[in-house]
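Single-structure report; data block below.
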Number of protein chains: 4
Amino acid sequence: MEVFEKWESEIRGYSRMWPTVFTSASNARQVDEAGKSYVDFFAGAGVLNFGHNNERMKRAIIAFLEADGIAHSLDMATTVKRDFLSAFAEKILGPRGMTMRMQFMGPTGSNAVEAALKLARRVTGRQDVVAFTHGFHGMTLGSLALTANDYFRNAAGVPLEHVVRLPFETAPGGGVRALDDYRALLADGSSGLKPPAAFVVETVQAEGGVHVANGEWLRAVQQLARDVDALFVIDEIQVGCGRTGSYFSFDGMDLDPDIVCLAKGIGGFGTPLAMNLVKPEHDARWSPGEHTGTFRGQGLSFVAGREALTYFDDDEFLAQVRAKGETMAGALRTIAQDSGHGFDVRGKGMIQGLDLGDGALAKAVTTACFEAGLLVCPCGTGGRVLKLIPPLTIGDDDLAEGLEILAFAVRATT
Amino acid sequence: MEVFEKWESEIRGYSRMWPTVFTSASNARQVDEAGKSYVDFFAGAGVLNFGHNNERMKRAIIAFLEADGIAHSLDMATTVKRDFLSAFAEKILGPRGMTMRMQFMGPTGSNAVEAALKLARRVTGRQDVVAFTHGFHGMTLGSLALTANDYFRNAAGVPLEHVVRLPFETAPGGGVRALDDYRALLADGSSGLKPPAAFVVETVQAEGGVHVANGEWLRAVQQLARDVDALFVIDEIQVGCGRTGSYFSFDGMDLDPDIVCLAKGIGGFGTPLAMNLVKPEHDARWSPGEHTGTFRGQGLSFVAGREALTYFDDDEFLAQVRAKGETMAGALRTIAQDSGHGFDVRGKGMIQGLDLGDGALAKAVTTACFEAGLLVCPCGTGGRVLKLIPPLTIGDDDLAEGLEILAFAVRATT
Amino acid sequence: MEVFEKWESEIRGYSRMWPTVFTSASNARQVDEAGKSYVDFFAGAGVLNFGHNNERMKRAIIAFLEADGIAHSLDMATTVKRDFLSAFAEKILGPRGMTMRMQFMGPTGSNAVEAALKLARRVTGRQDVVAFTHGFHGMTLGSLALTANDYFRNAAGVPLEHVVRLPFETAPGGGVRALDDYRALLADGSSGLKPPAAFVVETVQAEGGVHVANGEWLRAVQQLARDVDALFVIDEIQVGCGRTGSYFSFDGMDLDPDIVCLAKGIGGFGTPLAMNLVKPEHDARWSPGEHTGTFRGQGLSFVAGREALTYFDDDEFLAQVRAKGETMAGALRTIAQDSGHGFDVRGKGMIQGLDLGDGALAKAVTTACFEAGLLVCPCGTGGRVLKLIPPLTIGDDDLAEGLEILAFAVRATT
Amino acid sequence: MEVFEKWESEIRGYSRMWPTVFTSASNARQVDEAGKSYVDFFAGAGVLNFGHNNERMKRAIIAFLEADGIAHSLDMATTVKRDFLSAFAEKILGPRGMTMRMQFMGPTGSNAVEAALKLARRVTGRQDVVAFTHGFHGMTLGSLALTANDYFRNAAGVPLEHVVRLPFETAPGGGVRALDDYRALLADGSSGLKPPAAFVVETVQAEGGVHVANGEWLRAVQQLARDVDALFVIDEIQVGCGRTGSYFSFDGMDLDPDIVCLAKGIGGFGTPLAMNLVKPEHDARWSPGEHTGTFRGQGLSFVAGREALTYFDDDEFLAQVRAKGETMAGALRTIAQDSGHGFDVRGKGMIQGLDLGDGALAKAVTTACFEAGLLVCPCGTGGRVLKLIPPLTIGDDDLAEGLEILAFAVRATT
């Protein structure tokens, strides 16, 4: 570790929580230099939905490399990008009747959100954007203004503006009532509030502590957006691409967002990719090249990302996701019950959270898990919620082993 | 192309300029579906310093994949990252006596700039940052505030604030005098100006139109930063990693920046990577995880990026870069002279610009080049400057062919 | 009127509503050039609590002028200012056990609010200030940011920032619940909200439509301010100086504000004066001359303002105010009842509002009143509320006549 | 003084510099409680151009009061306001061929500037305004953003934005060259600067340290404003109304401002009044009542202000101003020369400054003057410049005595 201590920035975080040097990884396993193998319930912060070194993707990438495929193309047209576009249109958009355009930008989720904000402001001619308490949308100045957590916000060094903050459905004062109150304010010419350009919402707040919104509330948000001529934007970066048991986390909720932000799992293999889905009438408001980014055309990500889409050719894979999610939720409920501490369990599909109510405790459990061979990471305010987001492809054995380690660690720590 | 027209966002740009579908690429050549081969004087906007599908890097990446190396690790410690850190410290920092820490963030140049801004504001407790006319620093809200071009700024939809704009050395009213005027303003308690957190400068403005600052002016900027207790930040994203004939564009200039922003070429192969070099006393001001980003630990980029560093084991490679740069500059001067239009030629090493003084003309030349088999792209205000940034590894034949096509295209168009 | 049409700015407002040229005025009467006399239920927008050309004040001013008293002194010490300070301390502050310091600034209410904002931000080191829907606090950029009405805000031409808007007690979503929701947000480190520097509230929103807060809610606002270490500021500009039946509108409510903003009635005669009362521990944070203003030391206003304080030597005057207020409220209730339209009547002491629910109707009634010899002015969103604020010194006959005219005008119009 | 120390805010300033209690004043004399008489070279910070208790104005005000004239009328039409409008149109605007509209707002200079900013932003649809180093324009948030002095700016507690700062003509880096540099930046689509809404300039910076701009530079500012479609605004608040030897300080300079801000001397007697002159085509952009203010229609100020205009019926008064200005300048030059310290003397008409180069020294001279019976006040950065702005009506004896005291005080102190 001394190389890291000597040369890497003090800002490093995960390497402090998990103080070992990893050397290889496969599906839901990471192995360190000492040969110790860890079950991975973190999956690269939700990137590796299809596991480390997914064999099908790996083979496809190597074949692509050997054929001198174009690894980097900005937004030039390439065959590999065309294949991805076609596959996404055919497998994901088509069956849902979605006609949205695919926009690529810098390959991070933060970039996707920044591009969505620019477009929403362009379309509406307005500046303020509604975001929700406990929301997480990125680290660059525009997306950071939407992110709620103080720890991240305090690093900005400048005021974070043009955001109206409403309570998330499950937060104190939240729910439809808060939306109604805000609607009343907007209807009032003496409220001192201007109508917003967009409502940006996560269906499941992942970093924010695994808070799951229900369809009714999300529809109320969408309806409010429609009523005040604002765009309805779903930040699907962490919980899209199958994580919740459907391809989009909002599938089946009767929602029709104007923009959907995707990143993390969309590139399949862990190589960067971000993509916004944008309704054509809004997309037409872009002029060419107005929001660019060097690393837009990532060939390896297109190859692996296209491979990832084959998991959704039928419902079998997603049925397994839902089943494993049930297994995870059940195990967590048992842990919570056994603890006698009334810990809260929340989640949907294969994102499940165990709210220990206390960051120090969660950190201790995290450490105990690490020592016992499980990578699991806290989230939420003060880091009080253990968030379980294993690869969707995790084997039943590894899943069971990981849950057992977690149960043991909670028992040992509380 | 119809897939792109139907499904991709209207924001696409390069695919309009170069309306063909590329399928493979090798070193300084891109080939389209029709089998037509193009000399590449664009190199992925300066990413591909070591060419498309650099053989050594490709082999290293495939080996890494086959060994189930860790492709995505956030900021966990991995062997592949350690190797990169060590190599960079040994080959680049050590010989220069630099003790800077390496910080990884979201893998785009814009992220590197955003992180530098946060840190400069933290260190100084100030908000305003000095940037220069014609500067380009990214597309997210913090970096976009530094970017000068109106076309990009107008897409923000909100005010871009906390930036003081000074003329770049070569701009009207620029030079040391403008720095002196600003220094006088800062020294004056009734100027209405607060001292800045940082001066962020490119030694060569690439997107801005290939404007080359000389050492004297850069040292004056650095001295002014020192005198007003601001940080001196070099945005080395497009012209670092050997582009100008030395590893850093500022090598040999007696400069000692507080932060250096790197991206593009640092990952070697075209896969995303960004890295800031930060003086330890500033870096110590970060708390763990204050500026995060999902795609921080890019294994493939570390593998290729480390391979790239071997080009700098001795001066042979850079000597070739300088020689090719001379060839390019000479050819451009001839073109300019033959044209009889007094076109300006500017550049350093293997970034060279031909200022045609008119965006429409530059566009026409670009199209003529494309048709004749050369990818070259305009930059600068209104797109009036043809910027030549071929892979540093381009063969002499390809370089010659490209320059001949360019000469032909200029003749045919003007 | 042609002189006004030819030479005065198009921004003129009252002269359009009341298209005649006034030539003299006495107590609650204004007379125009044609000799027509109007009962004045407007009192210079609440300035003339003691009537036009109050005889006692007039005599005192003339004596002061004849003695070459100092009419303009900035913040030099003058005998006339000392007399005012002493009288205010003795008659107003002393009996209430208040030890607040008196601060003079530019002689407008807007200036008082701007100074209060500066001090609250200084004391707390925070930027955001809580203001309420329908609040009115002035027209300069700092106070305008607090003002809620869109018509005024839209004239700013720049974003109005650093204000958090909460619903006033009587607004939709208002009341203690909204305060509790906001308290919960502030307590949540992932709410994205920073604690405010101050809560600025009117006990009765005058311009905003005659909305009267009750003591319980105001105490809850004060308590919330205390709990989050923010200042509690009462903007008493329109409803202080006896208007509501006590000297301060908040007398007897068990409130202890950090800053009280006064203007309008404080100068007695209609000549400009503004004054903030500031708790000494906050006041100590000012450095000399940090918030200046040319027209601070207004001798004539000190003379008349001191004279005005004699009205509060005992409770007789205020008892009359309360009695006349009852008369006004009773008459308005009768008007509302007779109309059969269920108009709302709101108010406290001698500020009473008749909410006609419709701006066009209110304008028509205003015009009918004017023609019949009564000056009364609409307020609130879209101007739907007739606000009755006659001089507190109005004679019973004039009060009765004015109320009769109003009743007639409502009958004639609805 | 103890009443002030006990009850008045710590922010008081002048009463610290001149620690006595004044009781009466006449023309250029102030008398304190002890009967000591002071020559007044300060004139209420430039308000009292026509002296304390100007006899003609006093008689007119008393007659107006006795006749129950309307002291306070907001923007209702009154006979006294009409008389003022007519007289100003006839005596000032007409002879100059000016067709500007007169706009009244809150009666402070700061309000005049705030209104001018709103209108300039409305007319142009732009936000940024150009202001100059050492400029002083007021204390409310909008005008304060234009004010340059750090001491005042630091009290704001929020960022002061939407202002572009250029060096004043006489500041380091100032002059026409700085305007040309700025023009070049605006012409450059990659400068990162947007065109401004207005240029706001003082012809003589009074608070800023008595810096006098010449006509050539002012015309260059105006021309630049014209060329970039911005408004040209002259802040004439301290040096208008005859101060410089002509009614407007810019008379005879071939200037044609879009807006002229007036306050201080316009009301004649020291009672508040502010007025903007606005070109009709801009004025037409106001909607009624968009920028209001309680204390708009100040009857006493209209009476005295109209009386003040009679001083400009012919050139005799102004000829005296210019002659006295020469006397002042000559005396200051002698003082500077005798001191042997090379003090700078600057000014125009009856605003003259002696730049002592050091605030502590200026303060010592101010104190010595006070003790010897002269009120003179420092200005400029750190208070290093003694600013002489006696009433324009000062008698030759008082002027001579004041200058002698000043000479003595400088000798005694340096």
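Labels for the structure tokens follow display order: chains A, B, ..., residues from 1 in each chain, ligands from 1.
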
Go through chain D and flag each residue having an atom no more than 10 Å from chain B; for those, report the closest pair of atoms plus their distance in Å to one decimal, using only C-alpha atoms, ordered by chain and rising number, as JSON lines.
```
{"residue": "D:Gln127", "atom": "CA", "partner": "B:Pro159", "partner_atom": "CA", "distance": 9.4}
{"residue": "D:Ala131", "atom": "CA", "partner": "B:Gly192", "partner_atom": "CA", "distance": 9.1}
{"residue": "D:Phe132", "atom": "CA", "partner": "B:Ser191", "partner_atom": "CA", "distance": 7.6}
{"residue": "D:Thr133", "atom": "CA", "partner": "B:Ser191", "partner_atom": "CA", "distance": 4.3}
{"residue": "D:His134", "atom": "CA", "partner": "B:Ser190", "partner_atom": "CA", "distance": 4.9}
{"residue": "D:Gly135", "atom": "CA", "partner": "B:Ser190", "partner_atom": "CA", "distance": 7.8}
{"residue": "D:Phe136", "atom": "CA", "partner": "B:Ser190", "partner_atom": "CA", "distance": 9.3}
{"residue": "D:Leu144", "atom": "CA", "partner": "B:Gly192", "partner_atom": "CA", "distance": 9.8}
{"residue": "D:Ala145", "atom": "CA", "partner": "B:Gly192", "partner_atom": "CA", "distance": 8.3}
{"residue": "D:Leu146", "atom": "CA", "partner": "B:Gly192", "partner_atom": "CA", "distance": 7.8}
{"residue": "D:Thr147", "atom": "CA", "partner": "B:Gly192", "partner_atom": "CA", "distance": 6.8}
{"residue": "D:Ala148", "atom": "CA", "partner": "B:Gly192", "partner_atom": "CA", "distance": 3.7}
{"residue": "D:Asn149", "atom": "CA", "partner": "B:Ser190", "partner_atom": "CA", "distance": 3.9}
{"residue": "D:Asp150", "atom": "CA", "partner": "B:Gly189", "partner_atom": "CA", "distance": 5.6}
{"residue": "D:Tyr151", "atom": "CA", "partner": "B:Gly189", "partner_atom": "CA", "distance": 8.1}
{"residue": "D:Phe152", "atom": "CA", "partner": "B:Ser190", "partner_atom": "CA", "distance": 9.5}
{"residue": "D:Arg153", "atom": "CA", "partner": "B:Gly192", "partner_atom": "CA", "distance": 7.5}
{"residue": "D:Asn154", "atom": "CA", "partner": "B:Lys194", "partner_atom": "CA", "distance": 9.9}
{"residue": "D:Pro159", "atom": "CA", "partner": "B:His162", "partner_atom": "CA", "distance": 9.3}
{"residue": "D:Leu160", "atom": "CA", "partner": "B:Gly192", "partner_atom": "CA", "distance": 9.4}
{"residue": "D:Glu161", "atom": "CA", "partner": "B:Glu161", "partner_atom": "CA", "distance": 8.3}
{"residue": "D:His162", "atom": "CA", "partner": "B:Glu161", "partner_atom": "CA", "distance": 8.8}
{"residue": "D:Val163", "atom": "CA", "partner": "B:Gly192", "partner_atom": "CA", "distance": 9.5}
{"residue": "D:Val164", "atom": "CA", "partner": "B:Val164", "partner_atom": "CA", "distance": 9.1}
{"residue": "D:Arg165", "atom": "CA", "partner": "B:Gly192", "partner_atom": "CA", "distance": 7.1}
{"residue": "D:Leu166", "atom": "CA", "partner": "B:Ser191", "partner_atom": "CA", "distance": 8.6}
{"residue": "D:Pro167", "atom": "CA", "partner": "B:Leu185", "partner_atom": "CA", "distance": 7.6}
{"residue": "D:Phe168", "atom": "CA", "partner": "B:Ser191", "partner_atom": "CA", "distance": 9.3}
{"residue": "D:Ala171", "atom": "CA", "partner": "B:Leu185", "partner_atom": "CA", "distance": 8.6}
{"residue": "D:Pro172", "atom": "CA", "partner": "B:Ala184", "partner_atom": "CA", "distance": 6.3}
{"residue": "D:Gly173", "atom": "CA", "partner": "B:Asp181", "partner_atom": "CA", "distance": 5.0}
{"residue": "D:Gly174", "atom": "CA", "partner": "B:Asp181", "partner_atom": "CA", "distance": 8.4}
{"residue": "D:Arg177", "atom": "CA", "partner": "B:Gly173", "partner_atom": "CA", "distance": 8.5}
{"residue": "D:Ala178", "atom": "CA", "partner": "B:Gly173", "partner_atom": "CA", "distance": 8.2}
{"residue": "D:Asp180", "atom": "CA", "partner": "B:Gly173", "partner_atom": "CA", "distance": 8.0}
{"residue": "D:Asp181", "atom": "CA", "partner": "B:Gly173", "partner_atom": "CA", "distance": 5.0}
{"residue": "D:Tyr182", "atom": "CA", "partner": "B:Gly173", "partner_atom": "CA", "distance": 8.2}
{"residue": "D:Arg183", "atom": "CA", "partner": "B:Pro172", "partner_atom": "CA", "distance": 9.6}
{"residue": "D:Ala184", "atom": "CA", "partner": "B:Pro172", "partner_atom": "CA", "distance": 6.3}
{"residue": "D:Leu185", "atom": "CA", "partner": "B:Pro172", "partner_atom": "CA", "distance": 7.5}
{"residue": "D:Asp188", "atom": "CA", "partner": "B:Thr381", "partner_atom": "CA", "distance": 7.8}
{"residue": "D:Gly189", "atom": "CA", "partner": "B:Asp150", "partner_atom": "CA", "distance": 5.7}
{"residue": "D:Ser190", "atom": "CA", "partner": "B:Asn149", "partner_atom": "CA", "distance": 3.9}
{"residue": "D:Ser191", "atom": "CA", "partner": "B:Thr133", "partner_atom": "CA", "distance": 4.3}
{"residue": "D:Gly192", "atom": "CA", "partner": "B:Ala148", "partner_atom": "CA", "distance": 3.7}
{"residue": "D:Leu193", "atom": "CA", "partner": "B:Ala148", "partner_atom": "CA", "distance": 7.5}
{"residue": "D:Lys194", "atom": "CA", "partner": "B:Asp150", "partner_atom": "CA", "distance": 8.3}
{"residue": "D:Gly208", "atom": "CA", "partner": "B:Ser190", "partner_atom": "CA", "distance": 7.6}
{"residue": "D:Gly209", "atom": "CA", "partner": "B:Ser190", "partner_atom": "CA", "distance": 9.8}
{"residue": "D:Gly380", "atom": "CA", "partner": "B:Ser190", "partner_atom": "CA", "distance": 7.9}
{"residue": "D:Thr381", "atom": "CA", "partner": "B:Ser190", "partner_atom": "CA", "distance": 5.7}
{"residue": "D:Gly382", "atom": "CA", "partner": "B:Gly189", "partner_atom": "CA", "distance": 7.9}
```

Next item on the list: Find the residues near Arg96 in chain A: any atom within 12 Å, counting only C-alpha atoms, skip ones fewer than 4 places away on the same chain, and give them as a list in words.
Entry: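 So, after excluding close chain neighbours, the residues are Phe88, Ala89, Glu90, Lys91, Ile92, Met100, Tyr247, Phe248, Phe250, Asp251, Gly252, Asp254, Leu255 and Asp256 of chain A.
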
Margin query: Taking only C-alpha atoms into account, name the residue in C:Pro196, C:Gly138, C:Gly94, C:Gly299 that is nearest to Ile237 in chain C.
Written below: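 Nearest to Ile237 in chain C: C:Gly138.
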
Notebook entry, point to check: Could you name the residues that touch range 319-324 of chain C at 9 Å or less, counting only C-alpha atoms, but leaving out those on the same chain fewer than 6 positions away, as a PyMOL selection string?
Noted result: chain C and resi 242-246+348-350+392-394+396+399

Next item on the list: Would you list the contacts of Val221 in chain C as a PyMOL selection string, taking every protein, DNA or RNA residue within 10 Å and counting only C-alpha atoms, but skipping same-chain residues closer than 4 positions in sequence?
Entry: chain C and resi 169+175-176+179-180+199-201+215-217+225-227+232

Next item on the list: Give me the residues within 12 Å of Leu361 in chain A as a list in words, counting only C-alpha atoms and dropping any in the same chain fewer than 4 places off.
Entry: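 In the requested format, the answer is Phe343, Leu354, Asp355, Leu356, Gly357, Val365, Thr366, Thr367, Ala368, Pro378, Gly382, Gly383, Arg384, Val385, Leu386, Ala409, Val410, Arg411, Ala412, Thr413 and Thr414 of chain A.
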
For Gly44 in chain D: contacts at 12 Å, only C-alpha atoms, fewer than 3 positions along chain excluded, given as a short mmCIF file (atom, residue, chain, number, x, y, z; two decimals) with N, CA and C atoms, in the first residue's frame:
```
data_model
loop_
_atom_site.label_atom_id
_atom_site.label_comp_id
_atom_site.auth_asym_id
_atom_site.auth_seq_id
_atom_site.Cartn_x
_atom_site.Cartn_y
_atom_site.Cartn_z
N ILE C 70 -30.50 72.09 12.23
CA ILE C 70 -29.73 71.40 11.20
C ILE C 70 -30.61 70.39 10.48
N ALA C 71 -30.93 70.73 9.22
CA ALA C 71 -31.89 69.91 8.46
C ALA C 71 -31.26 68.60 7.98
N HIS C 72 -29.96 68.66 7.77
CA HIS C 72 -29.29 67.50 7.15
C HIS C 72 -27.93 67.33 7.81
N SER C 73 -27.69 66.19 8.40
CA SER C 73 -26.46 66.05 9.18
C SER C 73 -25.74 64.72 9.01
N LEU C 74 -26.19 63.88 8.05
CA LEU C 74 -25.62 62.53 7.97
C LEU C 74 -25.67 61.91 9.36
N ASP C 75 -24.59 61.34 9.85
CA ASP C 75 -24.68 60.81 11.22
C ASP C 75 -23.81 61.60 12.20
N MET C 76 -23.67 62.91 11.92
CA MET C 76 -23.09 63.77 12.95
C MET C 76 -24.05 63.83 14.13
N GLY C 293 -25.19 56.34 3.86
CA GLY C 293 -26.33 56.87 3.11
C GLY C 293 -26.36 58.36 3.34
N THR C 294 -26.49 59.08 2.25
CA THR C 294 -26.39 60.53 2.35
C THR C 294 -27.45 61.13 3.25
N PHE C 295 -28.70 60.66 3.09
CA PHE C 295 -29.81 61.34 3.76
C PHE C 295 -30.13 60.71 5.11
N ARG C 296 -29.08 60.42 5.91
CA ARG C 296 -29.33 59.79 7.19
C ARG C 296 -29.88 60.74 8.25
N GLY C 297 -29.27 61.90 8.44
CA GLY C 297 -29.66 62.73 9.58
C GLY C 297 -30.69 63.78 9.20
N GLN C 298 -31.94 63.37 9.13
CA GLN C 298 -32.99 64.27 8.66
C GLN C 298 -33.60 65.03 9.84
N TYR D 14 -19.43 59.80 11.30
CA TYR D 14 -19.02 61.21 11.34
C TYR D 14 -18.96 61.74 12.76
N ALA D 25 -27.12 75.76 12.00
CA ALA D 25 -26.26 75.90 10.82
C ALA D 25 -26.85 76.94 9.90
N ASN D 27 -25.86 78.69 5.95
CA ASN D 27 -24.98 78.72 4.78
C ASN D 27 -23.76 77.80 5.00
N ALA D 28 -22.55 78.35 5.11
CA ALA D 28 -21.37 77.49 5.22
C ALA D 28 -20.85 77.40 6.65
N ARG D 29 -21.74 77.53 7.59
CA ARG D 29 -21.33 77.50 9.00
C ARG D 29 -22.18 76.50 9.77
N GLN D 30 -21.53 75.68 10.62
CA GLN D 30 -22.24 74.86 11.59
C GLN D 30 -21.78 75.29 12.98
N ASP D 40 -17.85 75.07 7.03
CA ASP D 40 -18.26 73.75 6.53
C ASP D 40 -17.75 73.54 5.11
N PHE D 41 -16.72 72.75 4.98
CA PHE D 41 -16.21 72.38 3.65
C PHE D 41 -16.73 70.99 3.26
N VAL D 47 -24.54 67.53 -0.39
CA VAL D 47 -25.97 67.76 -0.54
C VAL D 47 -26.27 69.27 -0.57
N LEU D 48 -25.61 70.00 0.31
CA LEU D 48 -26.02 71.38 0.59
C LEU D 48 -25.30 72.36 -0.33
N ASN D 49 -25.49 72.19 -1.63
CA ASN D 49 -24.87 73.10 -2.58
C ASN D 49 -25.25 74.54 -2.32
N PHE D 50 -26.44 74.75 -1.76
CA PHE D 50 -26.94 76.11 -1.58
C PHE D 50 -26.91 76.53 -0.12
N GLY D 51 -26.11 75.82 0.66
CA GLY D 51 -25.89 76.19 2.04
C GLY D 51 -26.94 75.66 3.00
N HIS D 52 -26.58 75.65 4.26
CA HIS D 52 -27.53 75.30 5.31
C HIS D 52 -28.59 76.39 5.39
N GLN D 238 -23.22 63.23 -6.96
CA GLN D 238 -22.44 64.13 -6.09
C GLN D 238 -21.93 65.37 -6.81
N LYS D 264 -28.81 64.09 -3.98
CA LYS D 264 -28.08 65.08 -3.17
C LYS D 264 -28.61 66.51 -3.40
N GLY D 265 -27.95 67.30 -4.27
CA GLY D 265 -28.28 68.70 -4.40
C GLY D 265 -29.62 69.01 -5.04
N GLY D 268 -32.18 70.66 -2.90
CA GLY D 268 -31.86 72.01 -2.50
C GLY D 268 -31.56 72.22 -1.03
N PHE D 269 -32.44 71.75 -0.16
CA PHE D 269 -32.37 72.17 1.24
C PHE D 269 -31.74 71.11 2.15
N GLY D 270 -31.53 69.94 1.62
CA GLY D 270 -31.01 68.86 2.46
C GLY D 270 -32.07 67.82 2.77
N THR D 271 -33.30 68.11 2.35
CA THR D 271 -34.34 67.08 2.46
C THR D 271 -34.21 66.16 1.25
N PRO D 272 -34.55 64.89 1.44
CA PRO D 272 -34.24 63.89 0.41
C PRO D 272 -35.01 64.08 -0.90
N LEU D 375 -14.68 71.97 9.06
CA LEU D 375 -15.15 70.61 8.76
C LEU D 375 -14.71 70.24 7.36
N VAL D 376 -13.79 69.30 7.30
CA VAL D 376 -13.37 68.78 6.00
C VAL D 376 -13.18 67.28 6.18
N CYS D 377 -13.43 66.52 5.14
CA CYS D 377 -13.55 65.07 5.31
C CYS D 377 -12.68 64.33 4.31
N LEU D 388 -12.67 68.82 -0.61
CA LEU D 388 -13.27 70.11 -0.28
C LEU D 388 -14.51 70.31 -1.13
N ILE D 389 -15.67 70.26 -0.47
CA ILE D 389 -16.92 70.50 -1.19
C ILE D 389 -17.80 71.44 -0.38
N PRO D 390 -17.37 72.69 -0.22
CA PRO D 390 -18.18 73.63 0.54
C PRO D 390 -19.47 73.94 -0.21
N PRO D 391 -20.45 74.54 0.48
CA PRO D 391 -21.61 75.04 -0.26
C PRO D 391 -21.14 75.94 -1.39
#
```

Margin query: What parts of range 95-221 of chain D does DSSP call helix (DSSP H, G or I)? I'd like the answer as a PyMOL selection string.
Written below: chain D and resi 95-96+109-124+141-144+150-153+176-187+215-221

Checklist line | Residue list (strand (DSSP E or B), DSSP) for range 36-230 of chain B, as JSON, numbers by chain | finding: {"B": [37, 38, 39, 40, 52, 72, 77, 78, 101, 102, 103, 104, 129, 130, 131, 132, 163, 164, 165, 166, 198, 199, 200, 201, 204, 205, 211, 212]}

Notebook entry, point to check: How many Å lie between CA of Leu332 in chain A and CA of Glu236 in chain A, rounded to one decimal?
Noted result: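 It comes out at 24.4 Å.
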
Next item on the list: Would you list the contacts of Pro107 in chain B as a PyMOL selection string, taking every protein, DNA or RNA residue within 8 Å and counting only C-alpha atoms, but skipping same-chain residues closer than 2 positions in sequence?
Entry: (chain A and resi 107-108) or (chain B and resi 104-105+109+111-112+263+272-275+295-296)
